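The file protein.csv comes next; it holds CSV, C-alpha atoms.
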```csv
chain,number,residue,atom,x,y,z
P,5,MET,CA,99.0,48.1,98.6
P,6,THR,CA,97.5,46.8,101.8
P,7,GLU,CA,94.1,48.3,102.7
P,8,ARG,CA,93.7,48.4,106.4
P,9,GLU,CA,91.4,50.8,108.3
P,10,LEU,CA,93.0,52.9,111.0
P,11,PRO,CA,91.5,52.8,114.5
P,12,LEU,CA,88.3,54.8,115.2
P,13,TRP,CA,88.3,57.8,117.6
P,14,GLU,CA,85.5,59.8,119.2
P,15,VAL,CA,85.8,63.6,119.1
P,16,PHE,CA,84.6,66.0,121.7
P,17,ILE,CA,84.7,69.7,121.2
P,18,ARG,CA,84.2,72.5,123.7
P,19,SER,CA,82.6,75.3,121.8
P,20,ARG,CA,83.2,78.1,124.3
P,21,THR,CA,85.1,78.5,127.5
P,22,GLY,CA,82.9,77.5,130.4
P,23,LEU,CA,80.8,75.0,128.4
P,24,ASN,CA,81.2,71.3,128.4
P,25,HIS,CA,83.0,69.2,125.8
P,26,ARG,CA,80.3,67.7,123.6
P,27,HIS,CA,80.5,64.7,121.4
P,28,VAL,CA,80.6,65.8,117.8
P,29,GLY,CA,81.5,62.7,115.8
P,30,SER,CA,84.2,60.2,115.1
P,31,LEU,CA,87.2,59.8,112.7
P,32,HIS,CA,90.0,57.4,111.8
P,33,ALA,CA,93.6,58.0,112.9
P,34,ALA,CA,96.7,56.0,113.7
P,35,ASP,CA,97.5,57.7,117.0
P,36,ALA,CA,96.4,60.6,119.3
P,37,ALA,CA,98.5,63.2,117.5
P,38,MET,CA,96.9,62.3,114.2
P,39,ALA,CA,93.4,62.1,115.7
P,40,MET,CA,93.9,65.6,117.0
P,41,GLN,CA,95.0,67.0,113.6
P,42,ASN,CA,92.1,65.2,111.9
P,43,ALA,CA,89.6,66.5,114.5
P,44,ARG,CA,90.8,70.0,113.8
P,45,ASP,CA,90.3,69.5,110.0
P,46,LEU,CA,87.0,67.7,110.2
P,47,TYR,CA,85.2,69.4,113.1
P,48,CYS,CA,86.7,72.9,113.6
P,49,ARG,CA,86.6,74.3,110.1
P,50,ARG,CA,84.0,76.9,111.1
P,51,GLN,CA,85.3,78.2,114.4
P,52,GLU,CA,83.4,75.5,116.3
P,53,GLY,CA,85.7,75.1,119.2
P,54,VAL,CA,88.3,76.3,121.7
P,55,SER,CA,89.3,72.8,122.9
P,56,ILE,CA,89.4,69.3,121.5
P,57,TRP,CA,89.3,65.9,123.3
P,58,VAL,CA,89.9,62.7,121.3
P,59,VAL,CA,89.3,59.2,122.8
P,60,GLU,CA,89.8,55.9,121.1
P,61,SER,CA,86.4,54.5,120.5
P,62,GLY,CA,87.4,51.1,121.9
P,63,LEU,CA,88.1,52.6,125.3
P,64,ILE,CA,84.5,53.8,125.7
P,65,HIS,CA,82.3,51.4,127.6
P,66,ALA,CA,78.7,51.9,126.4
P,67,SER,CA,75.5,50.7,128.0
P,68,ASP,CA,73.8,47.8,126.4
P,69,PRO,CA,70.6,48.7,124.6
P,70,SER,CA,68.9,45.6,126.0
P,71,ASP,CA,69.5,46.9,129.5
P,72,LYS,CA,67.5,50.0,128.7
P,73,GLU,CA,64.5,49.0,130.8
P,74,SER,CA,66.4,48.1,134.0
P,75,LEU,CA,68.6,51.1,133.7
P,76,PHE,CA,66.2,53.9,132.9
P,77,ASP,CA,62.6,52.8,133.6
P,78,PRO,CA,62.9,52.8,137.4
P,79,ALA,CA,63.2,56.6,137.3
P,80,GLU,CA,59.9,56.9,135.6
P,81,ASP,CA,57.7,57.1,138.8
P,82,LYS,CA,60.0,59.1,140.9
P,83,ILE,CA,58.9,62.6,139.9
P,84,TYR,CA,60.0,63.9,143.3
P,85,ARG,CA,63.6,63.8,142.0
P,86,HIS,CA,62.7,66.7,139.7
P,87,PRO,CA,63.1,70.1,141.5
P,88,THR,CA,59.5,71.1,140.8
P,89,PHE,CA,58.2,71.2,144.4
P,90,TYR,CA,59.6,74.5,145.5
P,91,ASP,CA,57.8,77.9,145.6
P,92,VAL,CA,60.1,80.4,144.1
P,93,PRO,CA,60.1,83.6,146.2
P,94,ASP,CA,59.0,86.8,144.4
P,95,GLY,CA,61.7,88.8,142.9
P,96,VAL,CA,64.1,85.8,142.4
P,97,GLU,CA,64.8,85.6,138.7
P,98,ASN,CA,67.2,82.6,138.7
P,99,ILE,CA,67.5,79.8,141.0
X,17,MET,CA,115.4,102.9,107.0
X,18,ALA,CA,116.1,103.0,103.3
X,19,VAL,CA,113.2,103.9,101.0
X,20,CYS,CA,111.8,100.9,99.1
X,21,ASP,CA,111.3,100.9,95.4
X,22,GLN,CA,107.6,100.1,94.5
X,23,GLN,CA,108.7,97.7,91.7
X,24,ASP,CA,110.9,95.9,94.2
X,25,LEU,CA,108.0,95.5,96.6
X,26,PHE,CA,105.8,94.3,93.8
X,27,THR,CA,108.2,91.6,92.8
X,28,TYR,CA,108.8,90.6,96.4
X,29,LEU,CA,105.0,90.2,97.0
X,30,LEU,CA,104.6,88.4,93.7
X,31,ARG,CA,107.3,85.8,94.7
X,32,LEU,CA,105.4,85.1,98.0
X,33,GLY,CA,102.0,85.0,96.4
X,34,ASP,CA,103.1,82.8,93.5
X,35,SER,CA,104.6,80.2,95.8
X,36,GLY,CA,101.3,79.8,97.8
X,37,LEU,CA,99.2,79.8,94.6
X,38,VAL,CA,101.2,77.1,92.9
X,39,LEU,CA,101.5,74.9,96.0
X,40,GLY,CA,97.8,75.4,96.8
X,41,GLN,CA,96.9,74.3,93.2
X,42,ARG,CA,99.1,71.2,93.6
X,43,LEU,CA,97.5,70.2,96.9
X,44,SER,CA,94.0,70.6,95.5
X,45,GLU,CA,94.9,68.0,92.9
X,46,TRP,CA,94.6,65.5,95.8
X,47,VAL,CA,90.9,66.3,96.3
X,48,GLY,CA,89.0,63.1,95.4
X,49,LYS,CA,92.1,60.9,95.5
X,50,ALA,CA,93.4,61.2,99.1
X,51,PRO,CA,94.2,57.9,100.9
X,52,MET,CA,91.4,58.5,103.4
X,53,LEU,CA,88.6,60.9,104.0
X,54,GLU,CA,90.3,62.6,107.0
X,55,GLU,CA,93.4,63.3,105.0
X,56,GLU,CA,91.4,64.5,102.1
X,57,MET,CA,90.0,67.2,104.3
X,58,ALA,CA,93.4,68.1,105.7
X,59,LEU,CA,94.9,68.4,102.2
X,60,ALA,CA,92.0,70.6,101.0
X,61,ASN,CA,92.2,72.7,104.1
X,62,MET,CA,95.9,73.3,103.5
X,63,ALA,CA,95.2,74.1,99.8
X,64,LEU,CA,92.6,76.6,100.8
X,65,ASP,CA,95.0,78.2,103.4
X,66,LEU,CA,97.6,78.7,100.6
X,67,VAL,CA,95.2,80.1,98.0
X,68,GLY,CA,93.8,82.4,100.7
X,69,GLN,CA,97.2,83.8,101.6
X,70,SER,CA,98.1,84.1,97.9
X,71,ARG,CA,95.0,86.1,97.2
X,72,MET,CA,96.0,88.6,99.9
X,73,LEU,CA,99.5,88.8,98.7
X,74,LEU,CA,98.6,89.1,95.0
X,75,SER,CA,95.9,91.7,95.5
X,76,TYR,CA,98.3,93.8,97.6
X,77,ALA,CA,101.0,93.3,94.8
X,78,ALA,CA,98.5,94.5,92.2
X,79,LEU,CA,97.8,97.6,94.4
X,80,VAL,CA,101.5,98.3,94.8
X,81,GLU,CA,102.1,97.9,91.0
X,82,GLY,CA,99.4,100.5,90.4
X,83,LYS,CA,98.7,99.5,86.8
X,84,GLY,CA,95.1,98.6,87.4
X,85,ARG,CA,95.7,94.8,87.4
X,86,THR,CA,93.8,92.6,89.9
X,87,GLU,CA,94.7,89.5,91.9
X,88,ASP,CA,92.8,87.4,89.3
X,89,GLN,CA,94.8,88.9,86.4
X,90,LEU,CA,98.0,88.2,88.2
X,91,ALA,CA,97.0,84.7,89.0
X,92,MET,CA,95.2,83.7,85.8
X,93,HIS,CA,96.7,85.9,83.0
X,94,ARG,CA,100.4,85.4,83.4
X,95,ASP,CA,102.4,82.7,81.6
X,96,VAL,CA,105.1,80.3,82.9
X,97,HIS,CA,108.1,82.6,82.6
X,98,GLU,CA,106.3,85.3,84.6
X,99,PHE,CA,105.8,83.1,87.6
X,100,THR,CA,108.4,83.6,90.3
X,101,ASN,CA,107.7,80.6,92.7
X,102,PRO,CA,110.6,78.3,93.7
X,103,LEU,CA,110.8,75.1,91.7
X,104,LEU,CA,110.0,73.0,94.8
X,105,VAL,CA,106.3,73.9,94.9
X,106,GLU,CA,105.5,73.1,91.3
X,107,GLN,CA,106.9,69.6,91.5
X,108,PRO,CA,104.2,67.0,90.8
X,109,ASN,CA,102.4,65.4,93.8
X,110,GLY,CA,104.0,62.0,93.1
X,111,ASP,CA,102.9,59.5,95.8
X,112,PHE,CA,101.7,60.6,99.2
X,113,ALA,CA,105.2,60.5,100.6
X,114,HIS,CA,106.3,63.0,97.9
X,115,SER,CA,103.5,65.4,98.7
X,116,MET,CA,104.2,65.3,102.4
X,117,ALA,CA,107.9,65.8,102.0
X,118,ARG,CA,107.3,68.7,99.7
X,119,GLN,CA,104.8,70.2,102.1
X,120,TYR,CA,107.1,69.8,105.0
X,121,PHE,CA,110.1,71.3,103.2
X,122,TYR,CA,108.1,74.4,102.1
X,123,ALA,CA,105.8,74.9,105.2
X,124,SER,CA,108.7,74.6,107.6
X,125,PHE,CA,110.5,77.3,105.6
X,126,ALA,CA,107.4,79.5,105.2
X,127,GLU,CA,106.6,79.2,108.9
X,128,ARG,CA,110.0,80.8,109.7
X,129,LEU,CA,109.8,83.3,106.9
X,130,PHE,CA,106.4,84.6,107.8
X,131,ASP,CA,107.2,84.6,111.5
X,132,LYS,CA,109.9,87.2,110.7
X,133,LEU,CA,107.7,89.0,108.2
X,134,GLN,CA,105.3,89.8,111.0
X,135,HIS,CA,107.8,92.4,112.0
X,136,SER,CA,108.2,93.8,108.5
X,137,ALA,CA,108.3,97.6,108.1
X,138,ASP,CA,105.5,97.2,105.6
X,139,THR,CA,102.5,97.0,107.9
X,140,GLN,CA,100.2,95.4,105.3
X,141,LEU,CA,102.7,92.6,104.6
X,142,ALA,CA,103.2,92.2,108.4
X,143,GLY,CA,99.4,91.7,108.8
X,144,ILE,CA,99.2,89.1,106.1
X,145,ALA,CA,102.2,87.3,107.7
X,146,ALA,CA,100.6,87.2,111.1
X,147,LYS,CA,97.7,85.2,109.7
X,148,ALA,CA,99.9,83.0,107.4
X,149,VAL,CA,102.4,82.0,110.1
X,150,LYS,CA,99.7,80.2,112.1
X,151,GLU,CA,98.6,78.3,109.1
X,152,PHE,CA,102.1,77.3,108.1
X,153,ARG,CA,102.9,76.1,111.6
X,154,TYR,CA,100.0,73.7,111.3
X,155,HIS,CA,101.0,72.6,107.8
X,156,ALA,CA,104.6,71.9,108.9
X,157,ARG,CA,103.3,69.9,111.9
X,158,HIS,CA,100.9,67.9,109.9
X,159,ALA,CA,103.4,67.1,107.2
X,160,GLY,CA,106.2,66.5,109.7
X,161,LEU,CA,104.0,64.0,111.6
X,162,TRP,CA,103.5,62.1,108.3
X,163,MET,CA,107.2,62.0,107.6
X,164,VAL,CA,107.8,60.4,111.0
X,165,ARG,CA,104.9,58.0,110.5
X,166,LEU,CA,105.9,56.9,107.0
X,167,GLY,CA,109.7,56.9,107.8
X,168,ASP,CA,109.1,54.8,110.9
X,169,GLY,CA,106.2,52.8,109.4
X,170,THR,CA,106.5,49.8,107.1
X,171,GLU,CA,109.4,48.9,104.9
X,172,GLU,CA,107.4,50.2,101.9
X,173,SER,CA,106.4,53.5,103.5
X,174,ARG,CA,110.0,54.0,104.6
X,175,ASP,CA,111.4,53.3,101.1
X,176,ARG,CA,108.9,55.7,99.6
X,177,MET,CA,109.7,58.5,102.1
X,178,ILE,CA,113.5,58.0,101.5
X,179,ARG,CA,112.9,58.3,97.7
X,180,ALA,CA,110.7,61.4,98.1
X,181,ILE,CA,113.3,63.1,100.2
X,182,GLN,CA,116.1,62.2,97.8
X,183,GLU,CA,114.2,63.5,94.8
X,184,LEU,CA,113.0,66.7,96.4
X,185,TRP,CA,116.1,67.6,98.4
X,186,PRO,CA,117.8,69.3,95.4
X,187,TYR,CA,114.9,71.8,95.2
X,188,THR,CA,115.3,73.0,98.8
X,189,GLY,CA,118.4,75.2,98.2
X,190,GLU,CA,116.4,77.7,96.1
X,191,LEU,CA,114.2,78.5,99.1
X,192,PHE,CA,117.1,80.2,100.8
X,193,GLU,CA,118.7,81.9,97.8
X,194,THR,CA,119.4,85.6,98.4
X,195,ASP,CA,119.6,87.9,95.4
X,196,GLU,CA,119.9,91.6,95.0
X,197,LEU,CA,116.2,92.2,95.5
X,198,ASP,CA,116.3,90.2,98.8
X,199,ARG,CA,119.2,92.4,100.0
X,200,ARG,CA,117.4,95.6,99.1
X,201,MET,CA,114.2,94.5,100.9
X,202,LEU,CA,116.2,93.5,103.9
X,203,GLU,CA,117.9,96.9,103.9
X,204,ALA,CA,114.5,98.6,103.7
X,205,GLY,CA,113.4,96.6,106.8
X,206,ILE,CA,110.7,94.9,104.8
X,207,GLY,CA,112.3,91.6,103.9
X,208,VAL,CA,114.0,88.8,105.8
X,209,ASP,CA,117.5,87.5,106.1
X,210,LEU,CA,117.1,84.0,104.6
X,211,HIS,CA,120.4,82.7,105.8
X,212,VAL,CA,119.3,83.1,109.4
X,213,LEU,CA,116.2,81.0,108.7
X,214,ARG,CA,118.2,78.2,107.2
X,215,LYS,CA,119.8,77.1,110.4
X,216,SER,CA,116.6,76.6,112.4
X,217,TRP,CA,114.9,75.1,109.3
X,218,ARG,CA,117.7,72.5,109.1
X,219,GLU,CA,117.6,71.8,112.9
X,220,ASP,CA,113.8,71.1,112.7
X,221,LEU,CA,114.3,68.9,109.7
X,222,ASP,CA,117.1,66.9,111.5
X,223,ARG,CA,114.7,66.5,114.5
X,224,VAL,CA,111.9,65.1,112.2
X,225,LEU,CA,114.2,62.8,110.3
X,226,GLY,CA,115.8,61.7,113.6
X,227,GLU,CA,112.4,60.8,115.0
X,228,ALA,CA,111.5,59.0,111.7
X,229,GLY,CA,114.8,57.1,111.7
X,230,LEU,CA,115.6,58.5,108.2
X,231,PRO,CA,119.0,59.3,106.8
X,232,LEU,CA,119.9,63.0,106.8
X,233,PRO,CA,120.5,64.6,103.4
X,234,ALA,CA,123.8,66.3,102.7
X,235,ASP,CA,124.1,70.1,103.1
X,236,ASP,CA,126.5,70.4,100.2
X,237,ALA,CA,124.3,68.5,97.6
X,238,TRP,CA,123.8,70.0,94.2
X,239,MET,CA,120.8,72.3,94.0
X,240,HIS,CA,118.3,73.3,91.3
X,241,SER,CA,117.7,77.0,90.8
X,242,GLY,CA,115.8,79.4,88.5
X,243,GLY,CA,112.2,79.4,89.5
X,244,ARG,CA,112.3,82.9,91.0
X,245,ALA,CA,113.8,84.2,87.7
X,246,GLY,CA,111.0,82.6,85.7
X,247,ARG,CA,113.0,79.5,84.5
X,248,HIS,CA,110.6,76.7,85.4
X,249,SER,CA,110.4,72.9,85.1
X,250,GLU,CA,108.1,71.5,82.4
X,251,HIS,CA,105.5,70.8,85.2
X,252,LEU,CA,104.4,74.4,85.8
X,253,GLY,CA,103.0,74.8,82.3
X,254,HIS,CA,100.7,71.9,82.8
X,255,LEU,CA,99.6,73.1,86.2
X,256,LEU,CA,98.8,76.6,84.8
X,257,ALA,CA,96.9,75.1,81.9
X,258,THR,CA,94.6,73.4,84.3
X,259,MET,CA,94.3,76.3,86.7
X,260,GLN,CA,94.0,79.1,84.1
X,261,PHE,CA,91.8,77.4,81.5
X,262,LEU,CA,88.5,78.6,82.7
X,263,PRO,CA,89.2,82.4,83.1
X,264,ARG,CA,91.2,82.4,79.8
X,265,ALA,CA,88.5,80.6,77.8
X,266,TYR,CA,85.7,82.6,79.5
X,267,PRO,CA,87.2,85.9,80.5
X,268,ASP,CA,83.8,87.3,81.7
X,269,ALA,CA,82.9,84.4,83.8
X,270,GLY,CA,82.0,85.3,87.4
X,271,TRP,CA,80.4,83.6,90.3
```
Any chance you could give the structure as structure tokens?
Amino acid sequence: MTERELPLWEVFIRSRTGLNHRHVGSLHAADAAMAMQNARDLYCRRQEGVSIWVVESGLIHASDPSDKESLFDPAEDKIYRHPTFYDVPDGVENI
Amino acid sequence: MAVCDQQDLFTYLLRLGDSGLVLGQRLSEWVGKAPMLEEEMALANMALDLVGQSRMLLSYAALVEGKGRTEDQLAMHRDVHEFTNPLLVEQPNGDFAHSMARQYFYASFAERLFDKLQHSADTQLAGIAAKAVKEFRYHARHAGLWMVRLGDGTEESRDRMIRAIQELWPYTGELFETDELDRRMLEAGIGVDLHVLRKSWREDLDRVLGEAGLPLPADDAWMHSGGRAGRHSEHLGHLLATMQFLPRAYPDAGW
């Protein structure tokens, strides 16, 4: 028998209506239909979700860890990008 | 609506419960041996669905019988000739193609059966059916996808699937057998007309086999029979020996 691994897929689950899909893990499957079935069996056994996305891992373009400094460090000294410079009027609970 | 005999209802529930129990036990034999982790989980999930349905059916059967027996006594303290499942579900797992063909044949049938049973005059049975039909719909889709994948896969996978269908096909006729009990249950508004199910079962099978590029089995093939009357293949005894060993050796065991 030939031993060949099936392609890898990334699984995203939306746990409740209104929330975002979140990455929960990966699995092996031959195609999208099988990935969907496997995602249901592996990641939705305990009522975790109301919606599933599956994406072939190869289709995801990830940032290079060696680019970490150039990508993320420049934001370090730009604290004015955080919305912390506003006075919240009295009586406003949520903004 | 005719009044239904309690003994009839008991036997009817037993048939449904036994089928799920035996098939669930068979599927659980794959645990630890599945071709890949993902499929291992799928097989175990399906086994758990079946055993769960069977628990509900057998505990209701025990209640209807009214002799103080429990679901466990029905499952673990009956011998081969007292089991009423169709022969299909006790057939050995064979290779993966065999297990998937068997699962598709039964789940596609059970999906249609429980879909109708949701409207049974017996409200408890209707409630169990409403839960079971969703599970069987998933089982049939899962196994059906594998039939297409294997049938339309490599030369070896195709040969194995063809062999699996050839060997299991003679066990499919029994699923649709209608005896006196079925007729009485149908008259009482509790049971289902199995002849009606057969047509759509066959149509779905032809769709799957067509997609898979597999030859269609003949409708007039010779069929095995006898499981519902307690005449089983040699395989069921071995299955029960494994399943029943613990509660028989240690009757007081609990967890």
Subject >> Contact residues (chain X, partner chain P, 8 Å, only C-alpha atoms) as a PyMOL selection string >> reply: chain X and resi 54-55+57-58+61+158+161
**OP:** Quick one: pull the distance between atom CA of Ala78 of chain X and atom CA of Leu213 of chain X, Å, one decimal.
**Re:**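 Distance between the two atoms: 27.7 Å.
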Original post:
What is the atom CA of Trp13 of chain P-atom CA of Ala123 of chain X distance in Å, reported with one decimal?
Top reply: 27.4 Å
Subject >> Best match for closeness to Gly242 of chain X among X:Ala146, X:Leu103, X:Ile181, X:Leu133, counting only C-alpha atoms >> reply: X:Leu103
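Take atom CA of Val28 of chain P and atom CA of Tyr154 of chain X: the distance between them is 21.9 Å.
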List the spatial neighbours of Glu190 of chain X as a tab-separated table (two decimals) with C-alpha atoms, in the frame of the given file - criterion: any atom at most 12 Å away, only C-alpha atoms, same-chain residues fewer than 3 positions off excluded.
```tsv
chain	number	residue	atom	x	y	z
X	100	THR	CA	108.40	83.60	90.30
X	101	ASN	CA	107.70	80.60	92.70
X	102	PRO	CA	110.60	78.30	93.70
X	103	LEU	CA	110.80	75.10	91.70
X	104	LEU	CA	110.00	73.00	94.80
X	105	VAL	CA	106.30	73.90	94.90
X	121	PHE	CA	110.10	71.30	103.20
X	122	TYR	CA	108.10	74.40	102.10
X	125	PHE	CA	110.50	77.30	105.60
X	184	LEU	CA	113.00	66.70	96.40
X	185	TRP	CA	116.10	67.60	98.40
X	186	PRO	CA	117.80	69.30	95.40
X	187	TYR	CA	114.90	71.80	95.20
X	193	GLU	CA	118.70	81.90	97.80
X	194	THR	CA	119.40	85.60	98.40
X	195	ASP	CA	119.60	87.90	95.40
X	210	LEU	CA	117.10	84.00	104.60
X	211	HIS	CA	120.40	82.70	105.80
X	214	ARG	CA	118.20	78.20	107.20
X	238	TRP	CA	123.80	70.00	94.20
X	239	MET	CA	120.80	72.30	94.00
X	240	HIS	CA	118.30	73.30	91.30
X	241	SER	CA	117.70	77.00	90.80
X	242	GLY	CA	115.80	79.40	88.50
X	243	GLY	CA	112.20	79.40	89.50
X	244	ARG	CA	112.30	82.90	91.00
X	245	ALA	CA	113.80	84.20	87.70
```
Original post:
Which of these residues is nearest to Ser70 of chain X, using only C-alpha atoms: X:Ile144, X:Arg174, X:Gln107, X:Ala234?
Top reply: X:Ile144
**OP:** Go through X:Val67, X:Leu197, X:Leu166, X:Leu141 and flag the residue nearest Met116 of chain X, using only C-alpha atoms for the distances.
**Re:**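 Under the stated criterion, the closest residue is X:Leu166.
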Save segment 11-97 of chain P to disk from that block, C-alpha atoms included, as a PDB file, in the first residue's frame.
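part24.pdb, written as the output of this step:
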```pdb
ATOM      1  CA  PRO P  11      -2.819  17.905   1.808  1.00  0.00           C
ATOM      2  CA  LEU P  12      -2.986  20.032   4.935  1.00  0.00           C
ATOM      3  CA  TRP P  13      -5.928  22.382   5.602  1.00  0.00           C
ATOM      4  CA  GLU P  14      -6.434  25.160   8.138  1.00  0.00           C
ATOM      5  CA  VAL P  15      -9.730  25.255   9.998  1.00  0.00           C
ATOM      6  CA  PHE P  16     -11.599  28.354  11.159  1.00  0.00           C
ATOM      7  CA  ILE P  17     -14.683  28.115  13.366  1.00  0.00           C
ATOM      8  CA  ARG P  18     -17.236  30.760  14.230  1.00  0.00           C
ATOM      9  CA  SER P  19     -18.407  29.915  17.705  1.00  0.00           C
ATOM     10  CA  ARG P  20     -21.458  32.178  17.757  1.00  0.00           C
ATOM     11  CA  THR P  21     -23.391  34.272  15.306  1.00  0.00           C
ATOM     12  CA  GLY P  22     -21.894  37.762  15.242  1.00  0.00           C
ATOM     13  CA  LEU P  23     -18.390  36.671  16.225  1.00  0.00           C
ATOM     14  CA  ASN P  24     -15.458  36.226  13.857  1.00  0.00           C
ATOM     15  CA  HIS P  25     -14.210  32.935  12.528  1.00  0.00           C
ATOM     16  CA  ARG P  26     -11.159  31.962  14.569  1.00  0.00           C
ATOM     17  CA  HIS P  27      -8.324  29.678  13.619  1.00  0.00           C
ATOM     18  CA  VAL P  28      -8.656  26.474  15.640  1.00  0.00           C
ATOM     19  CA  GLY P  29      -6.146  24.119  14.039  1.00  0.00           C
ATOM     20  CA  SER P  30      -5.355  22.071  10.980  1.00  0.00           C
ATOM     21  CA  LEU P  31      -6.120  18.669   9.471  1.00  0.00           C
ATOM     22  CA  HIS P  32      -5.433  16.440   6.466  1.00  0.00           C
ATOM     23  CA  ALA P  33      -8.000  15.983   3.690  1.00  0.00           C
ATOM     24  CA  ALA P  34      -8.130  15.142  -0.002  1.00  0.00           C
ATOM     25  CA  ASP P  35     -10.510  17.953  -0.948  1.00  0.00           C
ATOM     26  CA  ALA P  36     -12.735  20.680   0.475  1.00  0.00           C
ATOM     27  CA  ALA P  37     -15.717  18.378   1.107  1.00  0.00           C
ATOM     28  CA  MET P  38     -13.566  15.968   3.083  1.00  0.00           C
ATOM     29  CA  ALA P  39     -11.874  18.823   4.933  1.00  0.00           C
ATOM     30  CA  MET P  40     -15.297  20.100   5.960  1.00  0.00           C
ATOM     31  CA  GLN P  41     -16.345  16.658   7.227  1.00  0.00           C
ATOM     32  CA  ASN P  42     -13.099  16.189   9.116  1.00  0.00           C
ATOM     33  CA  ALA P  43     -13.331  19.672  10.620  1.00  0.00           C
ATOM     34  CA  ARG P  44     -16.752  18.806  11.948  1.00  0.00           C
ATOM     35  CA  ASP P  45     -15.429  15.607  13.496  1.00  0.00           C
ATOM     36  CA  LEU P  46     -12.235  17.056  14.930  1.00  0.00           C
ATOM     37  CA  TYR P  47     -13.230  20.550  16.027  1.00  0.00           C
ATOM     38  CA  CYS P  48     -17.005  20.588  16.557  1.00  0.00           C
ATOM     39  CA  ARG P  49     -17.534  17.654  18.879  1.00  0.00           C
ATOM     40  CA  ARG P  50     -18.576  19.831  21.793  1.00  0.00           C
ATOM     41  CA  GLN P  51     -20.869  22.374  20.184  1.00  0.00           C
ATOM     42  CA  GLU P  52     -17.976  24.696  19.421  1.00  0.00           C
ATOM     43  CA  GLY P  53     -19.383  26.252  16.313  1.00  0.00           C
ATOM     44  CA  VAL P  54     -22.117  27.507  14.040  1.00  0.00           C
ATOM     45  CA  SER P  55     -19.966  27.922  10.927  1.00  0.00           C
ATOM     46  CA  ILE P  56     -16.806  26.333   9.520  1.00  0.00           C
ATOM     47  CA  TRP P  57     -14.247  27.676   7.030  1.00  0.00           C
ATOM     48  CA  VAL P  58     -11.512  25.458   5.614  1.00  0.00           C
ATOM     49  CA  VAL P  59      -8.565  26.782   3.616  1.00  0.00           C
ATOM     50  CA  GLU P  60      -5.734  24.811   2.046  1.00  0.00           C
ATOM     51  CA  SER P  61      -2.666  25.625   4.128  1.00  0.00           C
ATOM     52  CA  GLY P  62      -0.620  26.159   0.960  1.00  0.00           C
ATOM     53  CA  LEU P  63      -2.879  29.028  -0.068  1.00  0.00           C
ATOM     54  CA  ILE P  64      -2.080  31.039   3.038  1.00  0.00           C
ATOM     55  CA  HIS P  65       0.746  33.546   2.666  1.00  0.00           C
ATOM     56  CA  ALA P  66       2.407  34.055   6.024  1.00  0.00           C
ATOM     57  CA  SER P  67       4.759  36.771   7.158  1.00  0.00           C
ATOM     58  CA  ASP P  68       8.411  35.801   7.419  1.00  0.00           C
ATOM     59  CA  PRO P  69       9.595  35.647  11.049  1.00  0.00           C
ATOM     60  CA  SER P  70      12.844  37.384  10.013  1.00  0.00           C
ATOM     61  CA  ASP P  71      10.773  40.401   8.900  1.00  0.00           C
ATOM     62  CA  LYS P  72       9.439  40.773  12.411  1.00  0.00           C
ATOM     63  CA  GLU P  73      11.426  43.897  13.220  1.00  0.00           C
ATOM     64  CA  SER P  74      10.619  45.828  10.066  1.00  0.00           C
ATOM     65  CA  LEU P  75       6.956  44.836  10.191  1.00  0.00           C
ATOM     66  CA  PHE P  76       6.111  45.389  13.818  1.00  0.00           C
ATOM     67  CA  ASP P  77       8.725  47.490  15.597  1.00  0.00           C
ATOM     68  CA  PRO P  78       7.917  50.813  13.863  1.00  0.00           C
ATOM     69  CA  ALA P  79       4.563  50.863  15.680  1.00  0.00           C
ATOM     70  CA  GLU P  80       6.326  50.817  19.036  1.00  0.00           C
ATOM     71  CA  ASP P  81       6.760  54.611  19.498  1.00  0.00           C
ATOM     72  CA  LYS P  82       3.428  55.651  17.995  1.00  0.00           C
ATOM     73  CA  ILE P  83       1.320  55.518  21.100  1.00  0.00           C
ATOM     74  CA  TYR P  84      -0.983  58.208  19.677  1.00  0.00           C
ATOM     75  CA  ARG P  85      -2.495  55.428  17.525  1.00  0.00           C
ATOM     76  CA  HIS P  86      -4.102  54.002  20.648  1.00  0.00           C
ATOM     77  CA  PRO P  87      -7.427  55.659  21.472  1.00  0.00           C
ATOM     78  CA  THR P  88      -6.306  56.652  24.969  1.00  0.00           C
ATOM     79  CA  PHE P  89      -6.300  60.444  24.572  1.00  0.00           C
ATOM     80  CA  TYR P  90      -9.989  61.082  24.863  1.00  0.00           C
ATOM     81  CA  ASP P  91     -11.940  62.223  27.901  1.00  0.00           C
ATOM     82  CA  VAL P  92     -15.000  60.064  28.246  1.00  0.00           C
ATOM     83  CA  PRO P  93     -18.014  62.210  29.165  1.00  0.00           C
ATOM     84  CA  ASP P  94     -19.787  61.338  32.393  1.00  0.00           C
ATOM     85  CA  GLY P  95     -22.620  58.883  32.030  1.00  0.00           C
ATOM     86  CA  VAL P  96     -21.259  57.218  28.896  1.00  0.00           C
ATOM     87  CA  GLU P  97     -20.770  53.555  29.666  1.00  0.00           C
TER      88      GLU P  97
END
```
